[in-house]
file model00.pdb (PDB, C-alpha atoms, pLDDT in the B column)
ATOM      1  CA  MET A 297      25.438  44.253  25.775  1.00 87.00           C
ATOM      2  CA  ILE A 298      25.606  45.071  22.073  1.00 91.00           C
ATOM      3  CA  LEU A 299      28.531  44.023  19.896  1.00 93.00           C
ATOM      4  CA  SER A 300      29.669  46.813  17.544  1.00 94.00           C
ATOM      5  CA  ILE A 301      31.136  45.624  14.256  1.00 95.00           C
ATOM      6  CA  LEU A 302      33.012  48.056  12.021  1.00 95.00           C
ATOM      7  CA  ILE A 303      33.666  46.904   8.451  1.00 95.00           C
ATOM      8  CA  PRO A 304      35.857  49.055   6.176  1.00 94.00           C
ATOM      9  CA  VAL A 305      35.115  48.426   2.488  1.00 94.00           C
ATOM     10  CA  TYR A 306      37.061  49.359  -0.634  1.00 94.00           C
ATOM     11  CA  ASN A 307      36.241  47.559  -3.885  1.00 94.00           C
ATOM     12  CA  GLU A 308      35.117  44.357  -2.140  1.00 93.00           C
ATOM     13  CA  ALA A 309      32.201  43.404  -4.410  1.00 95.00           C
ATOM     14  CA  ALA A 310      33.527  39.877  -4.943  1.00 96.00           C
ATOM     15  CA  ASN A 311      33.312  39.032  -1.221  1.00 96.00           C
ATOM     16  CA  LEU A 312      31.026  41.630   0.323  1.00 95.00           C
ATOM     17  CA  GLU A 313      27.674  39.863   0.080  1.00 94.00           C
ATOM     18  CA  THR A 314      29.080  36.664   1.616  1.00 96.00           C
ATOM     19  CA  LEU A 315      30.740  38.626   4.404  1.00 95.00           C
ATOM     20  CA  LEU A 316      27.619  40.592   5.304  1.00 95.00           C
ATOM     21  CA  THR A 317      25.438  37.471   5.224  1.00 94.00           C
ATOM     22  CA  ARG A 318      27.812  35.697   7.609  1.00 95.00           C
ATOM     23  CA  VAL A 319      27.999  38.655   9.982  1.00 95.00           C
ATOM     24  CA  LEU A 320      24.201  38.889  10.066  1.00 93.00           C
ATOM     25  CA  ALA A 321      23.970  35.170  10.886  1.00 94.00           C
ATOM     26  CA  VAL A 322      25.943  35.533  14.138  1.00 93.00           C
ATOM     27  CA  PRO A 323      23.374  35.037  16.927  1.00 95.00           C
ATOM     28  CA  LEU A 324      24.343  38.064  19.004  1.00 94.00           C
ATOM     29  CA  GLU A 325      22.772  41.464  19.491  1.00 93.00           C
ATOM     30  CA  LYS A 326      24.895  43.702  17.282  1.00 92.00           C
ATOM     31  CA  GLU A 327      25.207  46.977  15.456  1.00 92.00           C
ATOM     32  CA  ILE A 328      26.968  46.905  12.092  1.00 93.00           C
ATOM     33  CA  ILE A 329      28.758  49.952  10.744  1.00 94.00           C
ATOM     34  CA  VAL A 330      30.102  49.723   7.207  1.00 94.00           C
ATOM     35  CA  VAL A 331      32.387  52.436   5.846  1.00 94.00           C
ATOM     36  CA  ASP A 332      32.721  52.450   2.055  1.00 93.00           C
ATOM     37  CA  ASP A 333      35.966  54.235   1.261  1.00 92.00           C
ATOM     38  CA  HIS A 334      34.812  55.454  -2.186  1.00 91.00           C
ATOM     39  CA  SER A 335      34.635  52.064  -3.946  1.00 92.00           C
ATOM     40  CA  HIS A 336      34.523  52.057  -7.748  1.00 92.00           C
ATOM     41  CA  ASP A 337      33.048  48.565  -8.204  1.00 94.00           C
ATOM     42  CA  ALA A 338      29.624  47.154  -7.278  1.00 95.00           C
ATOM     43  CA  SER A 339      30.240  47.510  -3.522  1.00 94.00           C
ATOM     44  CA  PRO A 340      27.943  50.564  -3.133  1.00 93.00           C
ATOM     45  CA  ALA A 341      25.068  48.707  -4.833  1.00 93.00           C
ATOM     46  CA  ILE A 342      25.542  45.691  -2.558  1.00 93.00           C
ATOM     47  CA  LEU A 343      25.623  47.946   0.510  1.00 92.00           C
ATOM     48  CA  GLU A 344      22.437  49.637  -0.677  1.00 89.00           C
ATOM     49  CA  LYS A 345      20.745  46.236  -0.816  1.00 87.00           C
ATOM     50  CA  PHE A 346      21.855  45.382   2.728  1.00 83.00           C
ATOM     51  CA  SER A 347      21.307  48.836   4.255  1.00 76.00           C
ATOM     52  CA  ALA A 348      17.638  48.040   4.855  1.00 72.00           C
ATOM     53  CA  ARG A 349      18.757  45.370   7.359  1.00 76.00           C
ATOM     54  CA  ASN A 350      19.673  47.714  10.193  1.00 75.00           C
ATOM     55  CA  PHE A 351      23.138  48.596   8.904  1.00 83.00           C
ATOM     56  CA  CYS A 352      24.718  51.986   9.268  1.00 90.00           C
ATOM     57  CA  VAL A 353      26.442  52.696   5.944  1.00 90.00           C
ATOM     58  CA  ILE A 354      28.881  55.588   5.661  1.00 89.00           C
ATOM     59  CA  ARG A 355      30.334  56.492   2.267  1.00 88.00           C
ATOM     60  CA  HIS A 356      33.465  58.580   1.851  1.00 86.00           C
ATOM     61  CA  GLU A 357      33.364  61.001  -1.082  1.00 82.00           C
ATOM     62  CA  LYS A 358      37.055  60.335  -1.762  1.00 77.00           C
ATOM     63  CA  ASN A 359      39.357  57.472  -0.835  1.00 77.00           C
ATOM     64  CA  GLN A 360      40.969  58.139   2.536  1.00 75.00           C
ATOM     65  CA  GLY A 361      42.488  54.771   3.406  1.00 72.00           C
ATOM     66  CA  LYS A 362      41.579  52.036   5.875  1.00 68.00           C
ATOM     67  CA  GLY A 363      42.643  54.087   8.901  1.00 70.00           C
ATOM     68  CA  ALA A 364      40.110  56.799   8.099  1.00 72.00           C
ATOM     69  CA  ALA A 365      37.388  54.204   7.616  1.00 64.00           C
TER      70      ALA A 365
END

call {"tool": "encode", "arguments": {"input": "model00.pdb", "output": "structure tokens"}}
result
Amino acid sequence: MILSILIPVYNEAANLETLLTRVLAVPLEKEIIVVDDHSHDASPAILEKFSARNFCVIRHEKNQGKGAA
């Protein structure tokens, strides 16, 4: 069984790297889906760095709110 983890992101650069590192450290088989809701800070750059680690990163072209993410 695979655990699916959905992480909505909007301007979370201050905490995002710590969060993703902790999620990756969980010793379960998992898929990680991160939805960037058109962040204006360094969040997209951080997600780009982590996207090589088997993440699915989706980026909204305009902010649509947490529900859409």

call {"tool": "resolve_selection", "arguments": {"input": "model00.pdb", "expression": "the PyMOL selection byres ((chain A and resi 304) around 10)", "output": "PyMOL selection string"}}
result
chain A and resi 301-303+305-306+308+329-333+354+361-365

call {"tool": "atom_distance", "arguments": {"input": "model00.pdb", "atom1": "atom CA of A:Arg355", "atom2": "atom CA of A:Pro340"}}
result
8.4 Å

call {"tool": "resolve_selection", "arguments": {"input": "model00.pdb", "expression": "the PyMOL selection byres ((chain A and resi 299) around 6)", "output": "list in words"}}
result
Ile298, Ser300 and Lys326 of chain A

call {"tool": "atom_distance", "arguments": {"input": "model00.pdb", "atom1": "atom CA of A:Leu315", "atom2": "atom CA of A:Met297"}}
result
22.7 Å

call {"tool": "atom_distance", "arguments": {"input": "model00.pdb", "atom1": "atom CA of A:Asn359", "atom2": "atom CA of A:Asn311"}}
result
19.4 Å

call {"tool": "closest_residue", "arguments": {"input": "model00.pdb", "among": "A:Ala341, A:Glu313, A:Asn350, A:His356", "to": "A:Glu325", "atoms": "only C-alpha atoms"}}
result
A:Asn350

call {"tool": "closest_residue", "arguments": {"input": "model00.pdb", "among": "A:Lys345, A:Ser335, A:Leu320, A:Ile328", "to": "A:Lys358", "atoms": "only C-alpha atoms"}}
result
A:Ser335

call {"tool": "closest_residue", "arguments": {"input": "model00.pdb", "among": "A:Gln360, A:Glu327, A:Val319, A:Val353", "to": "A:Ser339", "atoms": "all atoms listed in the file"}}
result
A:Val353

call {"tool": "decode", "arguments": {"input": "model00.pdb", "residues": "stretch 308-323 of chain A", "atoms": "all heavy atoms", "output": "tab-separated table (two decimals), in the first residue's frame"}}
result
chain	number	residue	atom	x	y	z
A	308	GLU	N	5.40	29.60	1.39
A	308	GLU	CA	5.85	28.85	2.57
A	308	GLU	C	7.36	28.66	2.61
A	308	GLU	O	7.86	27.71	3.21
A	308	GLU	CB	5.19	27.46	2.58
A	308	GLU	CG	3.69	27.49	2.72
A	308	GLU	CD	3.24	27.95	4.09
A	308	GLU	OE1	4.02	27.84	5.05
A	308	GLU	OE2	2.10	28.41	4.19
A	309	ALA	N	8.12	29.54	1.99
A	309	ALA	CA	9.57	29.37	1.88
A	309	ALA	C	10.24	29.21	3.25
A	309	ALA	O	11.20	28.46	3.38
A	309	ALA	CB	10.19	30.54	1.12
A	310	ALA	N	9.74	29.88	4.25
A	310	ALA	CA	10.37	29.83	5.58
A	310	ALA	C	10.32	28.43	6.18
A	310	ALA	O	11.22	28.06	6.96
A	310	ALA	CB	9.69	30.82	6.52
A	311	ASN	N	9.32	27.64	5.84
A	311	ASN	CA	9.14	26.32	6.47
A	311	ASN	C	9.20	25.15	5.50
A	311	ASN	O	9.24	24.00	5.92
A	311	ASN	CB	7.77	26.26	7.16
A	311	ASN	CG	7.59	27.36	8.16
A	311	ASN	OD1	8.44	27.58	9.00
A	311	ASN	ND2	6.48	28.07	8.06
A	312	LEU	N	9.19	25.43	4.21
A	312	LEU	CA	9.00	24.38	3.22
A	312	LEU	C	10.10	23.34	3.19
A	312	LEU	O	9.83	22.14	3.14
A	312	LEU	CB	8.84	25.02	1.83
A	312	LEU	CG	8.43	24.11	0.70
A	312	LEU	CD1	7.13	23.38	1.02
A	312	LEU	CD2	8.29	24.91	-0.59
A	313	GLU	N	11.35	23.75	3.25
A	313	GLU	CA	12.44	22.79	3.19
A	313	GLU	C	12.42	21.84	4.38
A	313	GLU	O	12.60	20.63	4.22
A	313	GLU	CB	13.78	23.52	3.10
A	313	GLU	CG	14.92	22.61	2.73
A	313	GLU	CD	16.12	23.36	2.20
A	313	GLU	OE1	16.09	24.57	2.04
A	313	GLU	OE2	17.13	22.67	1.96
A	314	THR	N	12.16	22.37	5.57
A	314	THR	CA	12.06	21.53	6.77
A	314	THR	C	10.91	20.54	6.64
A	314	THR	O	11.04	19.36	6.94
A	314	THR	CB	11.86	22.40	8.02
A	314	THR	OG1	12.96	23.29	8.13
A	314	THR	CG2	11.75	21.55	9.27
A	315	LEU	N	9.76	21.02	6.17
A	315	LEU	CA	8.60	20.16	6.00
A	315	LEU	C	8.88	19.02	5.03
A	315	LEU	O	8.62	17.85	5.34
A	315	LEU	CB	7.42	20.99	5.49
A	315	LEU	CG	6.21	20.17	5.05
A	315	LEU	CD1	5.48	19.61	6.25
A	315	LEU	CD2	5.30	20.98	4.17
A	316	LEU	N	9.43	19.34	3.87
A	316	LEU	CA	9.68	18.31	2.87
A	316	LEU	C	10.73	17.30	3.34
A	316	LEU	O	10.60	16.11	3.09
A	316	LEU	CB	10.11	18.96	1.55
A	316	LEU	CG	9.05	19.85	0.89
A	316	LEU	CD1	9.62	20.51	-0.35
A	316	LEU	CD2	7.79	19.07	0.58
A	317	THR	N	11.74	17.77	4.04
A	317	THR	CA	12.76	16.87	4.59
A	317	THR	C	12.14	15.90	5.59
A	317	THR	O	12.43	14.70	5.57
A	317	THR	CB	13.89	17.67	5.25
A	317	THR	OG1	14.46	18.54	4.27
A	317	THR	CG2	14.96	16.77	5.82
A	318	ARG	N	11.25	16.40	6.43
A	318	ARG	CA	10.60	15.54	7.43
A	318	ARG	C	9.66	14.53	6.77
A	318	ARG	O	9.58	13.37	7.19
A	318	ARG	CB	9.85	16.38	8.44
A	318	ARG	CG	10.77	17.10	9.39
A	318	ARG	CD	10.00	17.89	10.40
A	318	ARG	NE	10.91	18.55	11.34
A	318	ARG	CZ	10.51	19.27	12.35
A	318	ARG	NH1	9.21	19.46	12.57
A	318	ARG	NH2	11.38	19.83	13.15
A	319	VAL	N	8.93	14.96	5.77
A	319	VAL	CA	8.03	14.04	5.07
A	319	VAL	C	8.83	12.95	4.38
A	319	VAL	O	8.46	11.77	4.42
A	319	VAL	CB	7.14	14.81	4.06
A	319	VAL	CG1	6.39	13.86	3.16
A	319	VAL	CG2	6.17	15.72	4.81
A	320	LEU	N	9.93	13.31	3.75
A	320	LEU	CA	10.77	12.31	3.09
A	320	LEU	C	11.36	11.30	4.07
A	320	LEU	O	11.60	10.15	3.72
A	320	LEU	CB	11.91	12.99	2.33
A	320	LEU	CG	11.54	13.64	1.00
A	320	LEU	CD1	12.70	14.48	0.49
A	320	LEU	CD2	11.17	12.56	0.00
A	321	ALA	N	11.58	11.72	5.31
A	321	ALA	CA	12.20	10.85	6.31
A	321	ALA	C	11.25	9.79	6.86
A	321	ALA	O	11.70	8.82	7.48
A	321	ALA	CB	12.75	11.69	7.46
A	322	VAL	N	9.96	9.92	6.64
A	322	VAL	CA	8.99	8.94	7.13
A	322	VAL	C	9.23	7.62	6.41
A	322	VAL	O	9.23	7.56	5.18
A	322	VAL	CB	7.55	9.43	6.92
A	322	VAL	CG1	6.55	8.36	7.29
A	322	VAL	CG2	7.30	10.71	7.70
A	323	PRO	N	9.46	6.54	7.17
A	323	PRO	CA	9.84	5.26	6.55
A	323	PRO	C	8.65	4.45	6.02
A	323	PRO	O	8.41	3.32	6.43
A	323	PRO	CB	10.53	4.53	7.70
A	323	PRO	CG	9.83	5.03	8.91
A	323	PRO	CD	9.50	6.48	8.62
